[in-house]
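Enquirer: Pasting a structure here, questions to come.
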Amino acid sequence: MPTARFLIGDTVMGRWPGSNLYYEVKVLSYDNKARLYTVIYKDGTELELKESDITSLTVFKQGVARSRSRSRSRSPGRPRRSRSRSPARTSRRSSSRTTDVRKEKLKEVLEVRLTPVVIRLYSYLLCSLIVMFYQEKTETESENQAGGRYNLRHRKDQGDGKTVELEQKTETGVLSQTKPPAAIKTTDLEFGGRVGVFFLMFLLPVTVLALLILCGQKDASLQSFPLELPALQSLWDWQVFGIVLLWLLFQAVFSLLPVGKLVEGMPLKNGKTLKYRINGFYALLLTAVAVGVAVYQEVDLSYIHAHFLQFYTSALLIVTVLSVYLFVRSRWASEDELAPGGNSGYIIYDFFMGRELNPRIKNFDIKFFCEMRPGLMGWVLINFAMLQAEMKHQNLENPSPAMLLVNIFQLLWVVDGFWHEEKLLTMMDIVYDGFGFMLTFGDLAFVPFTFTCQAYYLVSHPNELSLFWIITLITMNGVGYYIFRKANSQKFTFRKNPSDPAVSHLKTIPTATGKSLIVSGLWGWVRHPNYLGDIIMGLAWSLPCGFNHLIPYFYLIYLITLLVHRNARDERQCRKKYGSAWEEYCKAVPYRIFPGIY
């Protein structure tokens, strides 16, 4: 049984993937069978290295010292070649000054750093020769047997899809760029893996359909199961399908208008950033004007209530077609365009999760458009249509207080979302998740047809509210909104500029990645105060429907389930990313969402 050359806890020098550059690492473990060391870099990255890719600090420093002495010494008997001077050539004095500058830059290159490396070409070549000289013979033999390929791989549990890009620059610009490593396969499967997502693709649409059928019945009790399936003609109508297509086209045109600021998103794996047009609030105002004109022209918006199931099935068909298109086009996407969570190699799983991170048709970002525009604006429009339907069905001159509260509370949430549209670019949906059936169904079908279940329910199930309940619900929604907005604003500001006066007073825990974790204010109360605010608002949206049935609380149940799942995913990824700093953070902030409970 071969013995480990380096012990657990030793600080050594490890070679970086695809290069001859060494960095200081700490040995975490050793696999006797595979003969691989698991090491961690100062930025928190964990890799598995061969023994030939590791050298001790003493040997490395001796090599660096020798290389410096060799570069400074010059043989006195060596003749200097004379060169003819061209008119564009600099003087010897200038050349001497350049040599001194190069020596200083060479010292910087030979320092061991874990920040992104930008090296001068001539220094890079010299450093490569030095490191190659001190490689062990066993490495040369093993690489020759393997056909010269560099055998270095990520840890199996490190499936975050991150890549490293090294740039070699001269004083005038980029000379060359190393090719990013191949996209890492997704190994940490969510939702029960292939089997789980297969059932979810059928369960989710059926669940929403059952919810809508129940909400439309006079007896909305869960005891009404099994439901009687509606007639086929009540599930499909080509005119309704055309209206849904026109709605999507209407919103797409608004999103392309050259109004609003142009901002850059978060850096991608290849180091690039995409640009986004932030004009959602203007699109919301234009949509409101268009709806106002329709009402003035006496367009009966209660038509949406009467054909609600047909609108849902039309949206479901569009979701299915769009998901197939996204999956097919992702087969031609480059490796650095793939999403970390949707590149498992399993067709069903990748179709559900989404393979491509940011699918675009020229400058039109499909995911960014679907995330908010048609779904959230459709949500507000449907709520308003349900308000008109309630007045029509209940013979009311004015909408009921319960319906008004639901409309106002949810309109506030949507307006806030579009006012802070830029903050969407830092969320997991944009940064991490691929755009597949899961997000497509959620954006275009689930949000507009389940988040409106309270308003849809109240059309057929009126509920009287006393003044006490009205004041209580307004207060509850206000508290939830304050927590939600304050927490999200602090997070966005801190990510953008930790030195901003608005967040500079917050206490933090530094991490090996160079980022910090907030442990004071709302973020010192619970780990996800924004989730807590969302849940309080969700309760305020459901309570106006009363307590006769559970159906109006579907949104609240779904929201708690979703946020608990997201919390588990976030914590799993943060534990990998931040290591011991995350453990310290968990001790400082023990509760996840609910203070004193969870």
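Order determines the names: the first chain of the structure tokens is A, the second B, and so forth; residues in each chain are numbered 1 upward, and ligands are numbered 1 upward as they are shown.
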Tell me, as a count of residues only, which residues lie within 9 Å of Arg331 (chain A), counting only C-alpha atoms; anything in the same chain fewer than 4 positions away does not count.

Expert: 3

Enquirer: May I have the residues within 7 Å of Ala487 (chain A) as a list in words, using only C-alpha atoms and disregarding those fewer than 4 positions away in the same chain?

Expert: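 Contacts, in chain order: Ile483, Lys491, Leu522, Pro529 and Asn530 of chain A.
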
Enquirer: Please identify all polymer residues within 10 Å of region 243-251 of chain A, counting only C-alpha atoms, omitting same-chain residues fewer than 6 positions from it, and present them as a list in words.

Expert: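 Here the answer would be Gly280, Ala283, Leu284, Leu286, Thr287, Phe311, Tyr312, Ser314, Ala315, Ile318, Phe369, Cys370, Arg373, Pro374, Gly375, Met377, Gly378 and Leu444 of chain A.
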
Enquirer: Could you work out how far CA of Gly193 (chain A) lies from CA of Ala333 (chain A), giving the answer in Å with one decimal?

Expert: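 So the two atoms, CA of Ala333 (chain A) and CA of Gly193 (chain A), lie 23.2 Å apart.
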
Enquirer: When distances are computed from only C-alpha atoms, which of A:Lys515, A:His307, A:His505, A:His528 shows the smallest separation from Trp236 (chain A)?

Expert: A:His307

Enquirer: Report, in Å to a single decimal, how far apart CA of Val319 (chain A) and CA of Phe441 (chain A) are.

Expert: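 Result for CA of Phe441 (chain A) versus CA of Val319 (chain A): 5.7 Å, one decimal.
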
Enquirer: Env of Leu262 (chain A): 10 Å cut, atoms = only C-alpha atoms, seq-sep filter 3 positions within chain, self excluded. Answer as a list in words.

Expert: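 Once the adjacent positions are removed, what remains is Pro258, Val259, Gly265, Lys275, Tyr276, Arg277, Ile278, Asn279 and Glu422 of chain A.
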
Enquirer: Could you please determine the separation between CA of Leu405 (chain A) and CA of Trp541 (chain A) in Å, to one decimal place?

Expert: 7.7 Å

Enquirer: Which polymer residues have any atom within 7 Å of an atom of region 464-481 of chain A, counting only C-alpha atoms, with same-chain residues fewer than 4 positions away left out, as a list in words?

Expert: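 So, after excluding close chain neighbours, the residues are Pro401, Ala402, Arg485, Gly533, Asp534, Ile536, Met537 and Ala540 of chain A.
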
Enquirer: For Phe254 (chain A), which residue among A:Phe281, A:Phe60, A:Phe451, A:Phe494 is the nearest when counting only C-alpha atoms?

Expert: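 Residue with the minimum atom-to-atom distance to Phe254 (chain A): A:Phe281.
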
Enquirer: Select from region 257-343 of chain A everything DSSP, run on the backbone, classes as helix (DSSP H, G or I), then give the selection as JSON, numbers by chain.

Expert: {"A": [280, 281, 282, 283, 284, 285, 286, 287, 288, 289, 290, 291, 292, 293, 294, 295, 296, 303, 304, 305, 306, 308, 309, 310, 311, 312, 313, 314, 315, 316, 317, 318, 319, 320, 321, 322, 323, 324, 325, 326, 327, 328, 329, 330, 335, 336, 337]}

Enquirer: With distances taken over only C-alpha atoms, which of A:Ala455, A:Ala231, A:Ala4, A:Val380 is nearest to Val415 (chain A)?

Expert: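 Comparing A:Ala455, A:Ala231, A:Ala4, A:Val380 against Val415 (chain A), the winner is A:Val380.
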
Enquirer: What's the 12 Å shell around Leu232 (chain A), counting only C-alpha atoms, without same-chain residues fewer than 6 positions away, as a compact mmCIF listing (two decimals) with C-alpha atoms, in the first residue's frame?

Expert:
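Produced file part27.txt, reproduced below:
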```
# COMPACT_ATOMS: atom_id res chain seq x y z
CA LEU A 309 -59.39 27.20 -17.97
CA GLN A 310 -58.92 27.85 -21.68
CA THR A 313 -54.39 25.34 -21.31
```
